[in-house]
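Heads up, the thing below is written out as structure tokens.
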Amino acid sequence: MLPYVFILPWILGVLLFQAYPILDAFYHSFTVYDVFQPAKWVGLRNYRNLLENSHTRMALQNTLLYVAVSVPGGLVVGLLQALLLNVKVRGLQLFRTLAIVPGTVPAAGAAAVSIFIWSPSLGLINSILEWLGLPWRQSWLVDPVMVKWIFIFMTIQGGIGMLIFLAGLQNVPQELYDASKIDGAHSMQTLLNVTLPMLTPYTLFNLLTSLIGAFQYFTGPMLMTGGGPAGGSTFYAQIIYESAFILFRMGHAAALAWILFVICVVIVVVVFRSSASWVYYEGGN
Amino acid sequence: MQIQRFSRRQFLSLAGATGSAALLAACAVVPATDGGAGVTAEPVTVQVQSGWCNSGDCDIWTPSIEMFNEKYPNIAIDMIRVGVSPVDTMTAVAGGSAPDVYHRYVGGFAELMARGVMLPLDDLIAGDEDFDPDIYLGSQWDNGKWDGITYGIPVLEGGAMPAICWHKHLIEEVGGDPEVGPTSWQEMLEWSRMLLQYDDDGNLIQAGYDPKDAYGFTAIAWPVVFDENYITEDKRTFTFDSEAWAQGLEIIAEFWTDAGADQMKAFSDQWPYWTGYPSSGFNNAKRAMIMNGNWMPGAMRRMVEETGVELDSIGYGFHPNLNEGLKAIDFGTGHTLFMPNSTQVAEEGFKFMVHMTSVEVALVEFEMRAAAMWSKPLLDAIDLSSVPGLQWFFDAPLEADRLWSPNEFLTPVQSQVELLWTRAIDETIVGAKSAADALADINTELQQGLDEYWETQS
């Protein structure tokens with residue numbers, strides 16, 4: 001009895017705040033519903049409309065590009081940062097703190113500052129380019145192609161993933177490094193054959209959380225460009241938000257959310273399935 | 001000691017029942033009221049929310065509430081000085097935590113009126129001897145109406161009238177008549193091209209006209225300019241895909257492409273549109289022309305010292321119209337008071353709303369901001385000549401060939417209209433689509449939203 005009492009709050013939380021909204025959204029994705037009038041059943045119409053909508057397709061393309069570049073980019077940067085911060089040097093704690101600080105800045109604050117960094121006339125980037133005499137001044141946030149790369153570039157950072165890699169690095173048994181040294185492995189061989197394989201469980205975790213987070217990304221673009229210009233920085237989660245809370249089209253938003261949910265589930269399943277072939281657990285799978 | 005054991009089945013049943021009860025409680029619908037109790041001798045508190053003119057030198061609310069308390073000592077006003085958005089309003093009303101009175105520009109409330117979220121005021125108006133809707137001139141009384149029902153009362157600068165405003169010396173520089181100003185869109189385009197100035201690094205430092213300015217950013221600015229609405233009278237069909245709108249959007253885009261989209265963006269970052277700010281591009285004569293409302297002469301007067309602008313050097317006139325020569329004006333802007341249908345103090349709230357339409361409150365606004373609404377008793381009480389330019393706005397509706405009411409262009413999916421109109425402008429400016437294609441696309445998407453609205457109403 002006692003164990004169930006302890007997990008009761010969690011069960012209730014999951015039922016109320018996760019299972020119920022998910023199932024409710026599934027039902028409402030087959031309706032038109034504006035919160036104030038009763039929902040009306042329309043079958044698959046919301047899904048059909050979404051597939052025909054060029055703006056939705058563009059948002060999905062932008063999001064897939066963002067995921068495809070920012071997730072591996074973030075993993076690589078996080079891993080490189082962790083490797084650097086695992087080297088015993090003077091001031092290590094300071095370097096580790098500095099490395100994690102950017103991840104503690106709220107997204108809204110970072111967006112507010114970034115507007116000025118990327119501004120075509122007043123921005124830091126263009127000012128530096130001008131000061132250096134380099135002819136690369138750009139209208140960064142005004143070009144619909146450039147703008148999405150700005151957001152990808154802005155979010156490729158180590159962050160929490162770096163911390164997890166760092167924790168993983170400190171868990172690699174010293175005996176493995178000693179053995180590789182005795183075998184005459186040089187540092188790159190040690191990295192490829194000892195460190196990286198031992199980090200694969202952490203890589204799997206970072207990969208999954210980054211993937212899910214990347215599919216839901218929209219705070220920066222929403223605050224900095226509103227998704228513009230011409231939809232160039234409209235990401236999928238933004239159109240879910242707009243449909244639900246600006247346009248009152250809850251059924252439409254629920255259908256959008258469910259499409260995203262299915263995409264995420266498929267990718268997570270594929271990653272998990274594939275993990276058997278590339279993730280190494282020291283204690284066995 | 002006897003210990004009662006639960007089986008797993010019993011435990012899951014209990015958890016399920018508890019969860020279901022909590023769900024049912026959370027989903028219980030709070031019944032809407034039709035206004036609640038009447039004005040009583042018991043002290044009553046009315047919550048009022050506004051994010052406009054509520055602090056510092058521009059705090060209209062504090063003196064207005066003091067005057068109200070003298071008249072109605074038993075009604076306390078709890079002022080929530082936070083901006084009002086349709087999203088917040090929707091969630092507050094749905095969650096049962098809405099204030100009693102909202103003060104907001106009517107555009108964002110069209111969909112809330114259309115969905116019955118706001119309280120109909122006609123009975124309260126009919127039963128209030130202190131309030132006379134005939135004080136309003138022109139079509140501004142319609143600012144708070146939807147489908148013939150009154151949900152809102154225009155107050156303060158309620159029913160503001162936008163016009164084209166220009167710096168006379170800049171118009172003179174490009175060969176225009178400084179007293180007449182621009183009379184056609186072609187003329188505005190030509191003058192704007194001539195007025196563009198760049199520094200050595202290619203940054204725009206002076207612009208002629210920017211259609212995405214203080215009023216032009218909203219879709220409701222353009223039916224009056226194109227002399228063509230974007231929705232049919234029965235509010236069932238969008239007509240953005242018309243020739244007039246395509247022609248208009250091409251002209252709008254041209255102002256940006258002529259100057260360079262990136263330069264215009266950078267310029268507007270540096271010199272914002274809104275004439276209520278001292279850094280406004282127009283107030284500092286960095287922009288030659290702007291579309292703006294009757295609050296502008298007052299706003300400029302307040303910042304003469306900061307901007308150095310001479311009030312007599314500004315000209316005012318009707319928007320150039322695609323239907324050349326037509327003098328048209330609209331009451332699409334300004335502010336309105338609404339009550340959500342969840343209020344329990346409708347009569348007391350209405351007393352406050354009526355108070356805010358009074359001449360004494362309007363005089364407070366006139367003293368602070370030199371802005372005013374077009375009301376008969378107010379016009380008798382103020383001296384418009386004390387604010388250069390303001391007289392034009394109050395004469396314009398009398399001279400206009402056509403007075404538009406917001407009823408004509410507000411739609412049940414107005415937020416979507418605004419969102420997609422901005423997208424169509426952007427797509428045309430960056431060349432992603434032709435004006436006609438961009439408008440056809442948003443028309444299709446808007447029609448889906450509109451059809452959904454009507455479906456929920458049937």
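Lettering and numbering for the structure tokens are positional, with chains as A, B, ... in the shown order, residues counted from 1 in each chain, and ligands counted from 1 in the shown order.
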
Interface, chain B side, toward chain A (6 Å; only C-alpha atoms) as a CSV table (one decimal) with N, CA and C atoms, in the first residue's frame:
```csv
chain,number,residue,atom,x,y,z
B,87,VAL,N,-5.8,37.7,-26.1
B,87,VAL,CA,-5.4,36.4,-25.6
B,87,VAL,C,-5.6,36.4,-24.1
B,262,ASP,N,16.2,46.1,-46.4
B,262,ASP,CA,17.0,46.0,-45.2
B,262,ASP,C,17.3,47.4,-44.6
B,266,ALA,N,16.2,48.7,-41.0
B,266,ALA,CA,17.2,49.3,-40.0
B,266,ALA,C,16.8,50.7,-39.6
B,416,GLN,N,-6.4,37.0,-37.0
B,416,GLN,CA,-5.8,36.2,-38.1
B,416,GLN,C,-5.6,37.1,-39.3
B,423,ARG,N,2.0,39.1,-43.1
B,423,ARG,CA,2.7,38.1,-43.9
B,423,ARG,C,2.7,38.4,-45.4
B,426,ASP,N,5.1,41.2,-46.2
B,426,ASP,CA,6.5,40.8,-46.2
B,426,ASP,C,6.8,39.9,-47.4
B,427,GLU,N,5.9,39.0,-47.7
B,427,GLU,CA,6.2,38.1,-48.9
B,427,GLU,C,6.3,39.0,-50.2
```

- [ ] Going by DSSP on the backbone, which bits of region 222-451 of chain B are strand (DSSP E)? Write them as a list in words, please.
- [x] Met289, Ile290, Met291, Asn292, Ile314, Gly315, Tyr316, Gly317, Ala328, Ile329, Asp330, His335, Thr336, Leu337, Phe338, Arg402, Leu403 and Trp404 of chain B

- [ ] Would you please extract all helix (DSSP H, G or I) residues from region 54-233 of chain A, as assigned by DSSP on the backbone, and give them as JSON, numbers by chain?
- [x] {"A": [54, 55, 56, 57, 58, 59, 60, 61, 62, 63, 64, 65, 66, 67, 68, 69, 70, 71, 72, 73, 74, 75, 76, 77, 78, 79, 80, 81, 82, 83, 84, 85, 92, 93, 94, 95, 96, 97, 98, 99, 100, 101, 102, 103, 104, 107, 108, 109, 110, 111, 112, 113, 114, 115, 116, 117, 118, 124, 125, 126, 127, 128, 129, 130, 131, 146, 147, 148, 149, 150, 151, 152, 153, 154, 155, 159, 160, 161, 162, 163, 164, 165, 166, 167, 168, 169, 174, 175, 176, 177, 178, 179, 180, 181, 182, 187, 188, 189, 190, 191, 192, 193, 194, 195, 196, 197, 198, 199, 200, 201, 202, 203, 204, 205, 206, 207, 208, 209, 210, 211, 212, 213, 214, 215, 219, 220, 221, 222, 223, 224]}

Task: Who sits within 12 Å of Ser50 (chain B), only C-alpha atoms, same chain under 2 positions skipped, as number ranges by chain - done: B: 47-48, 52-55, 59-61, 78-85, 89, 99-105, 335-338

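Non-sequential neighbours of region 437-453 of chain B (distance at most 7 Å, separation of 2 or more positions within a chain, only C-alpha atoms) are A:Val32, B:Arg236, B:Thr237, B:Phe238, B:Thr239, B:Phe240, B:Asp241, B:Val413, B:Gln416, B:Val417, B:Leu420, B:Ala424, B:Glu427, B:Thr428, B:Lys433, B:Ser434, B:Ala435, B:Glu455, B:Thr456, B:Gln457.
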
Task: Who sits within 12 Å of Ala288 (chain B), only C-alpha atoms, same chain under 6 positions skipped, as number ranges by chain - done: B: 164-174, 176, 178, 181-182, 188-189, 191-197, 205-210, 213, 273, 280-282, 313-315

TODO: Quick one: everything within 6 Å of region 361-375 of chain B, counting only C-alpha atoms, minus sequence neighbours fewer than 5 positions away in the same chain. Send it as an NGL selection string.
DONE: :B and (64 or 135-137 or 156-158 or 295 or 298 or 356)

Open item on the list: Just want the 12 Å neighbourhood of Val266 (chain A), counted on only C-alpha atoms, with same-chain residues fewer than 6 positions away dropped. Output as a list in words.
Closed with: Leu208, Leu211, Ile212, Ile259, Leu260, Phe272 and Arg273 of chain A
